[in-house]
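What follows is a set of notes on a single structure, which appears directly below.
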There are 2 protein chains.
Amino acid sequence: MKDNNDMPGHLARRFQQIAVAVFHAEVDEAGYDLTPVQYAALAAISTNPGVDQITLAGLIAYDRTTITGVVDRLVQKGLLVRNASTKDRRARELQITDEGRKTLDGIAPAVEAAQELMLRGLTAEEADELLRLLRKAIAAGNELSRAPLRETSVTAKAKPAT
Amino acid sequence: MKDNNDMPGHLARRFQQIAVAVFHAEVDEAGYDLTPVQYAALAAISTNPGVDQITLAGLIAYDRTTITGVVDRLVQKGLLVRNASTKDRRARELQITDEGRKTLDGIAPAVEAAQELMLRGLTAEEADELLRLLRKAIAAGNELSRAPLRETSVTAKAKPAT
DNA sequence: CAATATTGATCAGTATGCTGATTATCAGTA
DNA sequence: TACTGATAATCAGCATACTGATCAATATTG
């Protein structure tokens with residue numbers, strides 16, 4: 001009988017479970033109320049002002065239907081604004097607000113601390129190796145999920161390489 | 001600016017996302033309708049007949065409140081029975097049904113295939129190392145989540161080591 | 001230009017996963 | 001035995017994640 005500890009799927013779930021718990025603990029203690037997903041979205045929009053929701057989904061590998069709710073809540077909190085695009089009336093352009101940028105700056109140390117805490121059982125070399133192996137496994141499996149990573153940024157769209 | 005690819009939390013989410021997608025793809029193709037969580041619960045109950053829900057939660061590191069719904073759906077599908085314990089009227093004893101055992105046997109090849117598929121980008125040595133590092137990181141972070149792994153089995157409860 | 005296909009966003013529905021509260025029961029003790 | 005505390009299960013509520021459908025707008029093609 002195969003043990004749970006030999007099942008990569010089980011270990012993946014457990015590691016992610018701990019990662020989320022650590023994120024919440026650090027962020028709450030710092031006085032912020034943001035989930036890991038909301039943080040990732042906010043950071044991606046900050047780096048790519050004016051992205052539409054589909055592109056945002058690709059940048060951080062979310063499902064497109066999940067984005068709607070996440071953006072709703074970030075707008076609700078006043079950290080984002082969502083406006084109809086003038087170039088494509090189907091699309092919504094996302095912009096971070098001053099409040100959103102302030103939150104992003106203020107939360108950074110807590111996020112950093114969380115990333116370290118979730119690897120506290122490993123040496124620095126082991127941590128690097130874990131990240132390398134995760135990246136490699138993810139790259140090979142990217143297209144297997146409904147929400148693959150898409151590196152197409154808004155800028156790349158506007159100014160195609162050719 | 002730190003890239004998402006350097007954030008263990010982000011990589012954890014992506015790897016788990018792919019793991020779940022691969023699990024569903026393989027299991028659906030084999031003609032079964034079970035989620036990863038339902039499979040883990042069913043397997044644990046098969047190995048520990050008569051467990052109560054709290055012990056089950058500890059065995060596979062779920063939150064206790066999540067178990068209720070998962071067990072509901074497995075009972076609904078006829079794969080489990082849930083009976084009030086005679087020893088402790090608060091507790092529910094979980095037993096796998098013949099149908100449940102048949103499902104567990106039939107689904108095994110698909111589950112095996114999924115576990116391999118999610119590591120297809122890695123060599124055998126890398127896969128082993130990834131699992132080792134995940135186990136180590138998880139062991140160090142076990143108590144940080146609300147749903148830590150508890151190795152106390154029903155048998156261990158009935159016959160304490162001392 | 002008209003028919004067709006595609007795309008961005010949203011929605012309904014289902015299943016995790018969590019926080020915090022409640023209920024019923026059990027265990028220990030004065 | 002009455003009181004106190006702990007425990008098993010459930011519930012309400014919220015936030016991911018997904019499948020599949022729908023709607024509006026855009027792009028493509030005959």
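Residue names in the structure tokens use chain letters A, B, ... in the order shown, residue numbers from 1 in each chain, and ligand numbers from 1 in the order shown.
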Proximity check chain A to chain B, 8 Å, nearest pairs one decimal Å, only C-alpha atoms, as JSON lines:
{"residue": "A:Asn4", "atom": "CA", "partner": "B:Ile60", "partner_atom": "CA", "distance": 7.9}
{"residue": "A:Asn5", "atom": "CA", "partner": "B:Arg135", "partner_atom": "CA", "distance": 7.1}
{"residue": "A:Asp6", "atom": "CA", "partner": "B:Leu131", "partner_atom": "CA", "distance": 7.2}
{"residue": "A:Met7", "atom": "CA", "partner": "B:Gln115", "partner_atom": "CA", "distance": 6.4}
{"residue": "A:Pro8", "atom": "CA", "partner": "B:Gln115", "partner_atom": "CA", "distance": 6.1}
{"residue": "A:Gly9", "atom": "CA", "partner": "B:Ala19", "partner_atom": "CA", "distance": 5.5}
{"residue": "A:Leu11", "atom": "CA", "partner": "B:Leu134", "partner_atom": "CA", "distance": 6.5}
{"residue": "A:Ala12", "atom": "CA", "partner": "B:Gln16", "partner_atom": "CA", "distance": 5.1}
{"residue": "A:Arg13", "atom": "CA", "partner": "B:Gln16", "partner_atom": "CA", "distance": 5.8}
{"residue": "A:Arg14", "atom": "CA", "partner": "B:Ile138", "partner_atom": "CA", "distance": 6.9}
{"residue": "A:Phe15", "atom": "CA", "partner": "B:Ile138", "partner_atom": "CA", "distance": 5.8}
{"residue": "A:Gln16", "atom": "CA", "partner": "B:Ala12", "partner_atom": "CA", "distance": 5.1}
{"residue": "A:Gln17", "atom": "CA", "partner": "B:Ser145", "partner_atom": "CA", "distance": 6.8}
{"residue": "A:Ile18", "atom": "CA", "partner": "B:Ser145", "partner_atom": "CA", "distance": 5.3}
{"residue": "A:Ala19", "atom": "CA", "partner": "B:Gly9", "partner_atom": "CA", "distance": 5.5}
{"residue": "A:Val20", "atom": "CA", "partner": "B:Gly9", "partner_atom": "CA", "distance": 7.3}
{"residue": "A:Ala21", "atom": "CA", "partner": "B:Ser145", "partner_atom": "CA", "distance": 5.3}
{"residue": "A:Val22", "atom": "CA", "partner": "B:Leu144", "partner_atom": "CA", "distance": 6.6}
{"residue": "A:Ile60", "atom": "CA", "partner": "B:Asn4", "partner_atom": "CA", "distance": 7.9}
{"residue": "A:Ala61", "atom": "CA", "partner": "B:Arg14", "partner_atom": "CA", "distance": 7.4}
{"residue": "A:Gln115", "atom": "CA", "partner": "B:Pro8", "partner_atom": "CA", "distance": 6.1}
{"residue": "A:Met118", "atom": "CA", "partner": "B:Gly141", "partner_atom": "CA", "distance": 6.5}
{"residue": "A:Leu119", "atom": "CA", "partner": "B:Ala137", "partner_atom": "CA", "distance": 5.7}
{"residue": "A:Arg120", "atom": "CA", "partner": "B:Ala140", "partner_atom": "CA", "distance": 6.8}
{"residue": "A:Gly121", "atom": "CA", "partner": "B:Ala140", "partner_atom": "CA", "distance": 4.9}
{"residue": "A:Leu122", "atom": "CA", "partner": "B:Ala137", "partner_atom": "CA", "distance": 6.2}
{"residue": "A:Glu126", "atom": "CA", "partner": "B:Leu133", "partner_atom": "CA", "distance": 7.0}
{"residue": "A:Leu130", "atom": "CA", "partner": "B:Leu130", "partner_atom": "CA", "distance": 6.2}
{"residue": "A:Leu131", "atom": "CA", "partner": "B:Pro8", "partner_atom": "CA", "distance": 6.6}
{"residue": "A:Leu133", "atom": "CA", "partner": "B:Leu130", "partner_atom": "CA", "distance": 6.2}
{"residue": "A:Leu134", "atom": "CA", "partner": "B:Leu11", "partner_atom": "CA", "distance": 6.5}
{"residue": "A:Arg135", "atom": "CA", "partner": "B:Leu11", "partner_atom": "CA", "distance": 6.9}
{"residue": "A:Lys136", "atom": "CA", "partner": "B:Gly121", "partner_atom": "CA", "distance": 6.3}
{"residue": "A:Ala137", "atom": "CA", "partner": "B:Gly121", "partner_atom": "CA", "distance": 5.0}
{"residue": "A:Ile138", "atom": "CA", "partner": "B:Phe15", "partner_atom": "CA", "distance": 5.8}
{"residue": "A:Ala139", "atom": "CA", "partner": "B:Gly121", "partner_atom": "CA", "distance": 7.5}
{"residue": "A:Ala140", "atom": "CA", "partner": "B:Gly121", "partner_atom": "CA", "distance": 4.9}
{"residue": "A:Gly141", "atom": "CA", "partner": "B:Ile18", "partner_atom": "CA", "distance": 6.4}
{"residue": "A:Asn142", "atom": "CA", "partner": "B:Ile18", "partner_atom": "CA", "distance": 7.1}
{"residue": "A:Leu144", "atom": "CA", "partner": "B:Ile18", "partner_atom": "CA", "distance": 6.3}
{"residue": "A:Ser145", "atom": "CA", "partner": "B:Ala21", "partner_atom": "CA", "distance": 5.3}
{"residue": "A:Arg146", "atom": "CA", "partner": "B:Ala21", "partner_atom": "CA", "distance": 7.6}
Export N, CA and C atoms of the chosen residues as a short mmCIF file (atom, residue, chain, number, x, y, z; two decimals), in the first residue's frame?
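Final output, selection-v2.cif:
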data_model
loop_
_atom_site.label_atom_id
_atom_site.label_comp_id
_atom_site.auth_asym_id
_atom_site.auth_seq_id
_atom_site.Cartn_x
_atom_site.Cartn_y
_atom_site.Cartn_z
N ASN A 4 0.63 7.98 1.77
CA ASN A 4 0.33 9.34 1.34
C ASN A 4 1.61 10.13 1.09
N ASN A 5 2.63 9.84 1.90
CA ASN A 5 3.87 10.59 1.81
C ASN A 5 4.65 10.32 0.53
N ASP A 6 4.20 9.33 -0.25
CA ASP A 6 4.83 9.07 -1.53
C ASP A 6 4.00 9.61 -2.68
N MET A 7 2.91 10.29 -2.37
CA MET A 7 2.02 10.79 -3.41
C MET A 7 2.29 12.27 -3.64
N PRO A 8 2.87 12.63 -4.76
CA PRO A 8 3.16 14.04 -5.01
C PRO A 8 1.92 14.93 -4.91
N GLY A 9 0.78 14.40 -5.32
CA GLY A 9 -0.43 15.21 -5.23
C GLY A 9 -0.79 15.56 -3.80
N LEU A 11 1.34 15.65 -1.25
CA LEU A 11 2.37 16.56 -0.73
C LEU A 11 2.16 17.97 -1.28
N ALA A 12 1.73 18.06 -2.51
CA ALA A 12 1.46 19.37 -3.10
C ALA A 12 0.36 20.08 -2.33
N ARG A 13 -0.69 19.35 -2.02
CA ARG A 13 -1.80 19.97 -1.30
C ARG A 13 -1.36 20.42 0.09
N ARG A 14 -0.60 19.59 0.78
CA ARG A 14 -0.16 19.92 2.12
C ARG A 14 0.77 21.12 2.13
N PHE A 15 1.67 21.16 1.18
CA PHE A 15 2.61 22.27 1.15
C PHE A 15 1.87 23.58 0.86
N GLN A 16 0.93 23.52 -0.04
CA GLN A 16 0.18 24.72 -0.37
C GLN A 16 -0.69 25.16 0.81
N GLN A 17 -1.23 24.18 1.49
CA GLN A 17 -2.06 24.45 2.68
C GLN A 17 -1.25 25.22 3.73
N ILE A 18 -0.03 24.77 3.94
CA ILE A 18 0.84 25.44 4.90
C ILE A 18 1.23 26.83 4.39
N ALA A 19 1.51 26.92 3.10
CA ALA A 19 1.89 28.21 2.51
C ALA A 19 0.79 29.25 2.72
N VAL A 20 -0.44 28.84 2.51
CA VAL A 20 -1.56 29.77 2.68
C VAL A 20 -1.72 30.17 4.15
N ALA A 21 -1.60 29.20 5.04
CA ALA A 21 -1.75 29.49 6.47
C ALA A 21 -0.67 30.47 6.93
N VAL A 22 0.56 30.26 6.48
CA VAL A 22 1.67 31.12 6.87
C VAL A 22 1.46 32.53 6.31
N ILE A 60 -0.68 35.35 -13.89
CA ILE A 60 -0.50 34.70 -12.60
C ILE A 60 -1.15 33.33 -12.55
N ALA A 61 -1.58 32.84 -13.72
CA ALA A 61 -2.09 31.46 -13.83
C ALA A 61 -3.32 31.23 -12.97
N GLN A 115 7.23 33.89 2.90
CA GLN A 115 7.94 33.04 1.93
C GLN A 115 9.10 32.32 2.61
N MET A 118 7.74 29.47 5.29
CA MET A 118 7.23 28.21 4.77
C MET A 118 8.34 27.26 4.34
N LEU A 119 9.57 27.78 4.30
CA LEU A 119 10.72 26.95 3.94
C LEU A 119 11.65 26.75 5.13
N ARG A 120 11.18 27.06 6.33
CA ARG A 120 12.09 27.10 7.48
C ARG A 120 12.72 25.75 7.81
N GLY A 121 12.13 24.67 7.33
CA GLY A 121 12.70 23.36 7.62
C GLY A 121 13.86 23.00 6.71
N LEU A 122 14.10 23.84 5.69
CA LEU A 122 15.12 23.49 4.70
C LEU A 122 16.35 24.39 4.83
N GLU A 126 18.80 23.57 0.03
CA GLU A 126 17.61 22.75 -0.20
C GLU A 126 16.44 23.60 -0.69
N LEU A 130 14.45 23.04 -4.07
CA LEU A 130 12.99 22.82 -4.10
C LEU A 130 12.34 23.75 -5.12
N LEU A 131 12.74 25.01 -5.10
CA LEU A 131 12.14 25.96 -6.04
C LEU A 131 12.48 25.58 -7.47
N LEU A 133 13.10 22.61 -8.68
CA LEU A 133 12.35 21.42 -9.09
C LEU A 133 10.88 21.74 -9.30
N LEU A 134 10.33 22.59 -8.45
CA LEU A 134 8.94 23.00 -8.64
C LEU A 134 8.78 23.72 -9.98
N ARG A 135 9.69 24.65 -10.25
CA ARG A 135 9.62 25.38 -11.51
C ARG A 135 9.67 24.43 -12.70
N LYS A 136 10.54 23.44 -12.61
CA LYS A 136 10.72 22.51 -13.72
C LYS A 136 9.47 21.65 -13.92
N ALA A 137 8.93 21.15 -12.81
CA ALA A 137 7.72 20.32 -12.90
C ALA A 137 6.55 21.14 -13.41
N ILE A 138 6.46 22.38 -12.97
CA ILE A 138 5.36 23.26 -13.38
C ILE A 138 5.47 23.60 -14.86
N ALA A 139 6.69 23.85 -15.31
CA ALA A 139 6.88 24.19 -16.73
C ALA A 139 6.40 23.04 -17.60
N ALA A 140 6.70 21.83 -17.19
CA ALA A 140 6.31 20.66 -17.99
C ALA A 140 4.81 20.43 -17.94
N GLY A 141 4.16 20.85 -16.85
CA GLY A 141 2.73 20.59 -16.69
C GLY A 141 1.86 21.79 -16.98
N ASN A 142 2.48 22.89 -17.40
CA ASN A 142 1.75 24.16 -17.53
C ASN A 142 0.45 24.03 -18.32
N LEU A 144 -1.43 21.56 -18.74
CA LEU A 144 -2.36 20.55 -18.27
C LEU A 144 -3.49 21.12 -17.42
N SER A 145 -3.33 22.34 -16.94
CA SER A 145 -4.40 22.94 -16.14
C SER A 145 -5.20 23.91 -17.01
N ARG A 146 -6.39 24.22 -16.54
CA ARG A 146 -7.24 25.15 -17.30
C ARG A 146 -6.69 26.57 -17.25
#
Notebook entry, point to check: For chain C against chain B, which residues fall within 12 Å using only C-alpha atoms (C1' of nucleotides), given as a VMD selection string?
Noted result: chain C and resid 14 to 20 23 to 27
Next item on the list: Select residues of chain D: the criterion is any atom within 9 Å of an atom of chain A, counting only C-alpha atoms (C1' of nucleotides); output as a ChimeraX atom specification.
Entry: /D:15-18,24-26
Could you write out the selected residues, including C-alpha atoms (C1' of nucleotides), as an mmCIF file, in the first residue's frame?
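For reference, part-v4.cif as written:
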data_model
loop_
_atom_site.group_PDB
_atom_site.id
_atom_site.type_symbol
_atom_site.label_atom_id
_atom_site.label_comp_id
_atom_site.auth_asym_id
_atom_site.auth_seq_id
_atom_site.Cartn_x
_atom_site.Cartn_y
_atom_site.Cartn_z
ATOM 1 C "C1'" DA D 15 -13.053 33.123 -0.614
ATOM 2 C "C1'" DT D 16 -10.870 30.319 -3.892
ATOM 3 C "C1'" DA D 17 -11.122 27.110 -8.113
ATOM 4 C "C1'" DC D 18 -13.281 24.711 -11.492
ATOM 5 C "C1'" DA D 24 -21.886 41.538 -25.965
ATOM 6 C "C1'" DA D 25 -18.409 43.014 -28.883
ATOM 7 C "C1'" DT D 26 -14.791 42.199 -32.160
#
Next item on the list: Going by DSSP on the backbone, which bits of range 66-133 of chain B are helix (DSSP H, G or I)? Write them as a PyMOL selection string, please.
Entry: chain B and resi 66-76+98-117+124-133
Note to self: Restricting the calculation to only C-alpha atoms (C1' of nucleotides): of D:DA21, D:DC3, D:DA12, D:DA27, which residue gets closest to DT10 in chain C?
What the structure shows: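 Ranked by minimum distance to DT10 in chain C, first place goes to D:DA21.
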